[in-house]
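Student: Sharing final_11.cif here; it has mmCIF, C-alpha atoms.
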```cif
data_model
loop_
_atom_site.group_PDB
_atom_site.id
_atom_site.type_symbol
_atom_site.label_atom_id
_atom_site.label_comp_id
_atom_site.auth_asym_id
_atom_site.auth_seq_id
_atom_site.Cartn_x
_atom_site.Cartn_y
_atom_site.Cartn_z
ATOM 1 C CA MET A 1 0.000 0.000 0.000
ATOM 2 C CA TRP A 2 1.191 3.515 -0.827
ATOM 3 C CA VAL A 3 0.022 6.884 0.450
ATOM 4 C CA VAL A 4 0.086 9.653 -2.169
ATOM 5 C CA LYS A 5 -0.243 13.238 -1.008
ATOM 6 C CA LEU A 6 -1.434 15.558 -3.767
ATOM 7 C CA GLY A 7 -0.199 19.046 -2.989
ATOM 8 C CA GLY A 8 -2.875 21.692 -2.949
ATOM 9 C CA SER A 9 -0.852 23.766 -5.404
ATOM 10 C CA LEU A 10 -1.753 21.226 -8.107
ATOM 11 C CA ALA A 11 -5.042 23.108 -8.343
ATOM 12 C CA ASP A 12 -3.033 25.798 -10.150
ATOM 13 C CA TYR A 13 -2.230 23.219 -12.859
ATOM 14 C CA PRO A 14 -5.601 21.712 -13.835
ATOM 15 C CA ASP A 15 -4.283 19.490 -16.626
ATOM 16 C CA ASP A 16 -1.612 17.951 -14.394
ATOM 17 C CA LEU A 17 -4.103 17.486 -11.549
ATOM 18 C CA ARG A 18 -6.540 15.665 -13.837
ATOM 19 C CA HIS A 19 -3.708 13.467 -15.154
ATOM 20 C CA TRP A 20 -2.749 12.535 -11.593
ATOM 21 C CA LEU A 21 -6.319 11.739 -10.609
ATOM 22 C CA LYS A 22 -6.855 9.559 -13.676
ATOM 23 C CA ALA A 23 -3.527 7.760 -13.188
ATOM 24 C CA LEU A 24 -4.176 7.091 -9.503
ATOM 25 C CA ALA A 25 -7.767 5.967 -10.080
ATOM 26 C CA GLU A 26 -6.643 3.503 -12.737
ATOM 27 C CA ALA A 27 -3.341 2.212 -11.327
ATOM 28 C CA GLY A 28 -4.065 2.625 -7.635
ATOM 29 C CA LYS A 29 -7.131 0.431 -7.163
ATOM 30 C CA GLY A 30 -6.771 -1.358 -3.853
ATOM 31 C CA ARG A 31 -3.215 -0.027 -3.485
ATOM 32 C CA ILE A 32 -3.281 3.751 -3.034
ATOM 33 C CA VAL A 33 -4.601 6.115 -0.361
ATOM 34 C CA ILE A 34 -4.752 9.765 -1.450
ATOM 35 C CA VAL A 35 -4.123 12.559 1.043
ATOM 36 C CA PRO A 36 -5.330 15.933 -0.262
ATOM 37 C CA GLY A 37 -3.520 19.173 0.429
ATOM 38 C CA GLY A 38 -5.467 22.192 1.567
ATOM 39 C CA SER A 39 -5.147 24.120 -1.705
ATOM 40 C CA PHE A 40 -6.875 27.496 -1.981
ATOM 41 C CA PHE A 41 -9.169 26.518 0.885
ATOM 42 C CA ALA A 42 -6.148 26.504 3.243
ATOM 43 C CA ASP A 43 -4.855 29.727 1.677
ATOM 44 C CA TRP A 44 -8.122 31.352 2.693
ATOM 45 C CA VAL A 45 -7.642 30.109 6.286
ATOM 46 C CA ARG A 46 -4.131 31.609 6.408
ATOM 47 C CA GLU A 47 -5.324 34.941 5.059
ATOM 48 C CA THR A 48 -8.322 35.040 7.380
ATOM 49 C CA GLN A 49 -6.196 34.238 10.438
ATOM 50 C CA LYS A 50 -3.881 37.130 9.569
ATOM 51 C CA LYS A 51 -6.866 39.454 9.229
ATOM 52 C CA TRP A 52 -8.755 38.397 12.346
ATOM 53 C CA GLY A 53 -5.999 37.051 14.606
ATOM 54 C CA PHE A 54 -7.735 33.910 15.833
ATOM 55 C CA ASP A 55 -5.533 31.294 17.487
ATOM 56 C CA ASP A 56 -3.710 28.360 15.918
ATOM 57 C CA ALA A 57 -6.135 25.832 17.392
ATOM 58 C CA ALA A 58 -8.943 27.376 15.351
ATOM 59 C CA ALA A 59 -6.694 27.658 12.285
ATOM 60 C CA HIS A 60 -5.700 23.990 12.622
ATOM 61 C CA ALA A 61 -9.334 22.870 12.799
ATOM 62 C CA MET A 62 -10.165 25.020 9.783
ATOM 63 C CA GLY A 63 -7.093 23.734 7.926
ATOM 64 C CA LEU A 64 -8.225 20.127 8.353
ATOM 65 C CA ARG A 65 -11.568 21.090 6.892
ATOM 66 C CA ALA A 66 -9.720 22.770 4.021
ATOM 67 C CA MET A 67 -8.101 19.409 3.268
ATOM 68 C CA GLU A 68 -11.541 17.818 3.360
ATOM 69 C CA GLN A 69 -12.934 20.413 0.956
ATOM 70 C CA PHE A 70 -10.141 19.773 -1.535
ATOM 71 C CA GLY A 71 -10.542 16.019 -1.053
ATOM 72 C CA ILE A 72 -14.258 16.167 -1.791
ATOM 73 C CA MET A 73 -13.452 18.223 -4.883
ATOM 74 C CA LEU A 74 -10.996 15.536 -6.062
ATOM 75 C CA CYS A 75 -13.633 12.834 -5.638
ATOM 76 C CA GLY A 76 -16.041 14.936 -7.677
ATOM 77 C CA LEU A 77 -13.501 15.278 -10.477
ATOM 78 C CA GLN A 78 -12.602 11.606 -10.919
ATOM 79 C CA LYS A 79 -14.744 8.480 -10.849
ATOM 80 C CA GLY A 80 -13.326 5.749 -8.626
ATOM 81 C CA LEU A 81 -12.057 8.070 -5.896
ATOM 82 C CA ILE A 82 -14.042 7.535 -2.701
ATOM 83 C CA PRO A 83 -14.025 9.803 0.387
ATOM 84 C CA ALA A 84 -12.979 7.963 3.566
ATOM 85 C CA ARG A 85 -13.125 9.468 7.059
ATOM 86 C CA SER A 86 -11.849 6.630 9.261
ATOM 87 C CA GLU A 87 -9.232 3.906 9.089
ATOM 88 C CA THR A 88 -12.046 1.374 8.784
ATOM 89 C CA GLU A 89 -13.481 3.257 5.807
ATOM 90 C CA ILE A 90 -10.037 3.553 4.192
ATOM 91 C CA ARG A 91 -9.449 -0.198 4.398
ATOM 92 C CA LYS A 92 -12.989 -0.964 3.229
ATOM 93 C CA VAL A 93 -12.534 1.169 0.110
ATOM 94 C CA LEU A 94 -9.178 -0.503 -0.596
ATOM 95 C CA HIS A 95 -10.673 -3.974 -0.237
ATOM 96 C CA GLU A 96 -13.426 -2.941 -2.655
ATOM 97 C CA ASN A 97 -10.624 -2.286 -5.166
ATOM 98 C CA GLN A 98 -11.126 1.460 -5.250
ATOM 99 C CA VAL A 99 -9.039 4.449 -4.177
ATOM 100 C CA PRO A 100 -9.844 6.207 -0.875
ATOM 101 C CA VAL A 101 -9.320 9.933 -0.442
ATOM 102 C CA TRP A 102 -8.665 10.658 3.222
ATOM 103 C CA LEU A 103 -10.862 13.258 4.898
ATOM 104 C CA PRO A 104 -8.877 13.787 8.119
ATOM 105 C CA VAL A 105 -11.144 15.550 10.617
ATOM 106 C CA GLN A 106 -12.691 12.448 12.224
ATOM 107 C CA ILE A 107 -9.419 10.567 12.812
ATOM 108 C CA LEU A 108 -7.342 13.548 13.867
ATOM 109 C CA ALA A 109 -9.939 15.026 16.238
ATOM 110 C CA ALA A 110 -8.808 12.524 18.878
ATOM 111 C CA GLN A 111 -5.062 12.880 18.224
ATOM 112 C CA ASP A 112 -2.627 15.025 20.150
ATOM 113 C CA ILE A 113 -1.086 16.874 17.201
ATOM 114 C CA GLU A 114 0.180 20.366 17.871
ATOM 115 C CA PRO A 115 -2.015 23.000 16.191
ATOM 116 C CA SER A 116 0.572 24.884 14.174
ATOM 117 C CA TRP A 117 1.296 25.862 10.589
ATOM 118 C CA ASP A 118 4.499 23.844 11.053
ATOM 119 C CA VAL A 119 2.252 20.787 10.644
ATOM 120 C CA THR A 120 0.636 20.797 7.223
ATOM 121 C CA SER A 121 -0.763 18.052 5.017
ATOM 122 C CA ASP A 122 2.815 16.825 4.367
ATOM 123 C CA SER A 123 3.262 15.833 8.011
ATOM 124 C CA LEU A 124 -0.305 14.552 8.299
ATOM 125 C CA ALA A 125 0.293 12.324 5.283
ATOM 126 C CA ALA A 126 3.382 10.928 7.042
ATOM 127 C CA TRP A 127 1.322 10.375 10.192
ATOM 128 C CA LEU A 128 -1.279 8.417 8.196
ATOM 129 C CA THR A 129 1.385 6.407 6.369
ATOM 130 C CA ARG A 130 2.792 5.250 9.696
ATOM 131 C CA ARG A 131 -0.661 4.475 11.116
ATOM 132 C CA LEU A 132 -1.620 2.374 8.085
ATOM 133 C CA ALA A 133 1.784 0.627 8.002
ATOM 134 C CA ALA A 134 2.042 1.583 4.342
ATOM 135 C CA GLU A 135 5.292 0.903 2.544
ATOM 136 C CA ARG A 136 5.764 4.229 0.784
ATOM 137 C CA LEU A 137 4.753 7.887 1.024
ATOM 138 C CA VAL A 138 4.779 9.896 -2.195
ATOM 139 C CA LEU A 139 4.584 13.695 -1.973
ATOM 140 C CA VAL A 140 3.553 15.306 -5.260
ATOM 141 C CA LYS A 141 4.974 18.814 -5.466
ATOM 142 C CA SER A 142 4.519 21.699 -7.892
ATOM 143 C CA CYS A 143 7.680 23.513 -6.814
ATOM 144 C CA PRO A 144 11.058 22.722 -8.439
ATOM 145 C CA LEU A 145 12.758 19.809 -6.708
ATOM 146 C CA PRO A 146 16.504 19.617 -6.091
ATOM 147 C CA THR A 147 18.540 17.071 -7.986
ATOM 148 C CA GLY A 148 20.533 14.512 -6.084
ATOM 149 C CA GLU A 149 20.048 13.233 -2.574
ATOM 150 C CA MET A 150 19.002 15.656 0.146
ATOM 151 C CA ASP A 151 18.011 14.952 3.744
ATOM 152 C CA MET A 152 14.627 15.873 5.152
ATOM 153 C CA ALA A 153 15.987 18.658 7.344
ATOM 154 C CA GLU A 154 17.420 20.416 4.302
ATOM 155 C CA LEU A 155 14.180 19.956 2.353
ATOM 156 C CA SER A 156 12.346 21.507 5.288
ATOM 157 C CA ARG A 157 14.741 24.466 5.461
ATOM 158 C CA LYS A 158 14.138 25.078 1.765
ATOM 159 C CA GLY A 159 10.373 25.074 2.322
ATOM 160 C CA ILE A 160 9.787 22.014 0.133
ATOM 161 C CA VAL A 161 8.248 20.104 3.053
ATOM 162 C CA ASP A 162 6.815 21.598 6.221
ATOM 163 C CA ALA A 163 8.855 22.323 9.335
ATOM 164 C CA ALA A 164 7.505 19.350 11.291
ATOM 165 C CA PHE A 165 7.927 16.788 8.509
ATOM 166 C CA PRO A 166 11.454 15.572 9.439
ATOM 167 C CA GLY A 167 10.192 14.606 12.892
ATOM 168 C CA PHE A 168 7.221 12.746 11.472
ATOM 169 C CA VAL A 169 9.405 10.583 9.224
ATOM 170 C CA ASP A 170 12.314 10.098 11.622
ATOM 171 C CA ALA A 171 13.115 6.369 11.879
ATOM 172 C CA ALA A 172 10.102 5.606 9.679
ATOM 173 C CA ALA A 173 9.642 2.095 8.319
ATOM 174 C CA PHE A 174 8.384 3.477 4.993
ATOM 175 C CA ASP A 175 10.128 5.071 2.024
ATOM 176 C CA VAL A 176 9.521 8.726 1.175
ATOM 177 C CA TRP A 177 9.441 9.908 -2.435
ATOM 178 C CA LEU A 178 9.152 13.508 -3.580
ATOM 179 C CA VAL A 179 8.005 13.820 -7.179
ATOM 180 C CA ASN A 180 7.174 16.656 -9.517
ATOM 181 C CA ARG A 181 3.639 17.320 -10.708
ATOM 182 C CA GLU A 182 4.644 16.190 -14.216
ATOM 183 C CA ASP A 183 5.800 12.731 -13.082
ATOM 184 C CA PHE A 184 2.393 11.013 -13.077
ATOM 185 C CA THR A 185 3.268 8.512 -15.819
ATOM 186 C CA CYS A 186 6.430 7.293 -14.101
ATOM 187 C CA VAL A 187 4.714 6.981 -10.726
ATOM 188 C CA SER A 188 1.676 5.166 -12.140
ATOM 189 C CA LEU A 189 3.984 2.544 -13.672
ATOM 190 C CA GLN A 190 5.671 2.063 -10.284
ATOM 191 C CA ILE A 191 2.292 1.750 -8.546
ATOM 192 C CA ASN A 192 1.419 -1.217 -10.754
ATOM 193 C CA GLN A 193 4.349 -3.057 -9.191
ATOM 194 C CA CYS A 194 3.509 -2.287 -5.550
ATOM 195 C CA THR A 195 1.969 -4.796 -3.160
ATOM 196 C CA SER A 196 -1.806 -4.862 -2.845
ATOM 197 C CA VAL A 197 -3.478 -4.032 0.463
ATOM 198 C CA GLU A 198 -4.392 -7.667 1.160
ATOM 199 C CA ALA A 199 -0.716 -8.512 1.541
ATOM 200 C CA LYS A 200 -0.126 -5.653 3.993
ATOM 201 C CA THR A 201 -2.966 -5.992 6.484
ATOM 202 C CA GLY A 202 -1.118 -8.551 8.596
ATOM 203 C CA ARG A 203 1.990 -6.388 8.883
#
```
How does the structure come out when it is put into structure tokens?
Tutor:
Amino acid sequence: MWVVKLGGSLADYPDDLRHWLKALAEAGKGRIVIVPGGSFFADWVRETQKKWGFDDAAAHAMGLRAMEQFGIMLCGLQKGLIPARSETEIRKVLHENQVPVWLPVQILAAQDIEPSWDVTSDSLAAWLTRRLAAERLVLVKSCPLPTGEMDMAELSRKGIVDAAFPGFVDAAAFDVWLVNREDFTCVSLQINQCTSVEAKTGR
């Protein structure tokens, strides 16, 4: 099983976003869990917090709902993507040979995760990957990615992943891939070779 986080900035590239959704819906049946970014919904939360000055706890709750809004939008754009609010729902959708899109509010409401803009959908995707015992986390980014190997702390300093991300993947049992928004064909070919969810549930 893989977790694929689709950065909210993909909404600025509609053709690429649609290619990703189609590729994941076709190649990811029973194998892929999609984590949506917050996209322009989260941008609105940031701007509104600056204007009104409400605390980070409120911003965090609103940010999770921004992810849900973008996730619902993704499901509405591509047949075969199914919203899933709990771990039980995620696994049910996978076993039905479809692709769940995680709506995080229900699961994370009971978790002790610091309400901060240091923790964005990147870190939450890592948190879910660990919880599901998935074998790989793929972060799809619109920004230019560095060539060559770079550690997570450096990626965080460059703003490519959020500030909390290195801590969320420290000593992780899963691989982390960062890919560009134009890499959907390469990734979809790799997905076809990954292990189905039935082989991972006893892990």
Student: At a cut-off of 10 Å, using all atoms listed in the file, what residues contact A:Asp12? Leave out same-chain residues fewer than 5 positions from it and give the result as a PDB file with C-alpha atoms, in the frame of the given file.
Tutor:
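Output saved as part.pdb:
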```pdb
ATOM      1  CA  LEU A  17      -4.103  17.486 -11.549  1.00  0.00           C
ATOM      2  CA  SER A  39      -5.147  24.120  -1.705  1.00  0.00           C
ATOM      3  CA  PHE A  40      -6.875  27.496  -1.981  1.00  0.00           C
ATOM      4  CA  SER A 142       4.519  21.699  -7.892  1.00  0.00           C
TER       5      SER A 142
END
```
Student: Just checking: using only C-alpha atoms, which residue out of A:Lys79, A:Arg130, A:Lys29, A:Arg136 ends up closest to A:Val93?
Tutor: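 That would be A:Lys29, the residue with the smallest distance to A:Val93.
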Student: For A:Val176, which residue among A:Met67, A:Ala42, A:Ala58, A:Val3 is the nearest when counting all atoms listed in the file?
Tutor: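 Selected residue with least distance to A:Val176: A:Val3.
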Student: Can you work out which one of A:Val169, A:Val4, A:Ile32, A:Met73 has the shortest atom-to-atom distance to A:His95, counting all atoms listed in the file?
Tutor: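 Of the candidates, the smallest distance to A:His95 is held by A:Ile32.
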Student: What lies within 12 Å of A:Phe168 using all atoms listed in the file, ignoring chain neighbours under 5 positions off, as a VMD selection string?
Tutor: chain A and resid 113 118 to 131 137 152 to 153 156 161 to 163 173 to 174 176
Student: Between atom CA of A:Asp151 and atom CA of A:Gly167, what is the distance, to one decimal in Å?
Tutor: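 Taking atom CA of A:Asp151 and atom CA of A:Gly167, their separation equals 12.0 Å.
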Student: What do you get, as number ranges by chain, if you spell out every residue that the PyMOL selection byres ((chain A and resi 77) around 12) selects here?
Tutor: A: 11, 14-15, 17-22, 25, 70-76, 78-82
Student: Kindly resolve the PyMOL selection byres ((chain A and resi 143-146) around 10) on the present coordinates and return the residues as a list in words.
Tutor: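 Checking the PyMOL selection byres ((chain A and resi 143-146) around 10) against this file, the residues are Gly7, Ser9, Leu10, Val140, Lys141, Ser142, Thr147, Gly148, Glu149, Met150, Leu155, Lys158, Gly159, Ile160, Leu178, Val179, Asn180 and Arg181 of chain A.
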Student: When you count only C-alpha atoms, which of these residues is closest to A:Arg65: A:Val45, A:Asn97, A:Trp2, A:Pro115?
Tutor: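 For A:Arg65, the nearest of the candidates is A:Val45.
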Student: Just how far from atom CA of A:Glu87 is atom CA of A:Pro104, in Å to one decimal?
Tutor: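 That distance, rounded to one decimal, is 9.9 Å.
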Student: Measuring atom to atom with only C-alpha atoms, identify which of A:Ile34, A:Leu94, A:Ala164, A:Leu132 is nearest to A:Lys5.
Tutor: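 The closest residue to A:Lys5 is A:Ile34.
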Student: Between A:Ala171, A:Gln98, A:Val105, A:Ser116, which has the minimum distance to A:Ala27 (counting only C-alpha atoms)?
Tutor: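 Comparing A:Ala171, A:Gln98, A:Val105, A:Ser116 against A:Ala27, the winner is A:Gln98.
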Student: To one decimal place, how far is atom CA of A:Gly30 from atom CA of A:Val99 in Å?
Tutor: 6.2 Å
Student: Which residues, written as a list of chain:residue names, have at least one atom at most 10 Å from A:Asp43, with all atoms listed in the file counted and residues fewer than 6 positions away on the same chain left out?
Tutor: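 Everything that qualifies: A:Gly8, A:Gln49, A:Gly63, A:Ala66.
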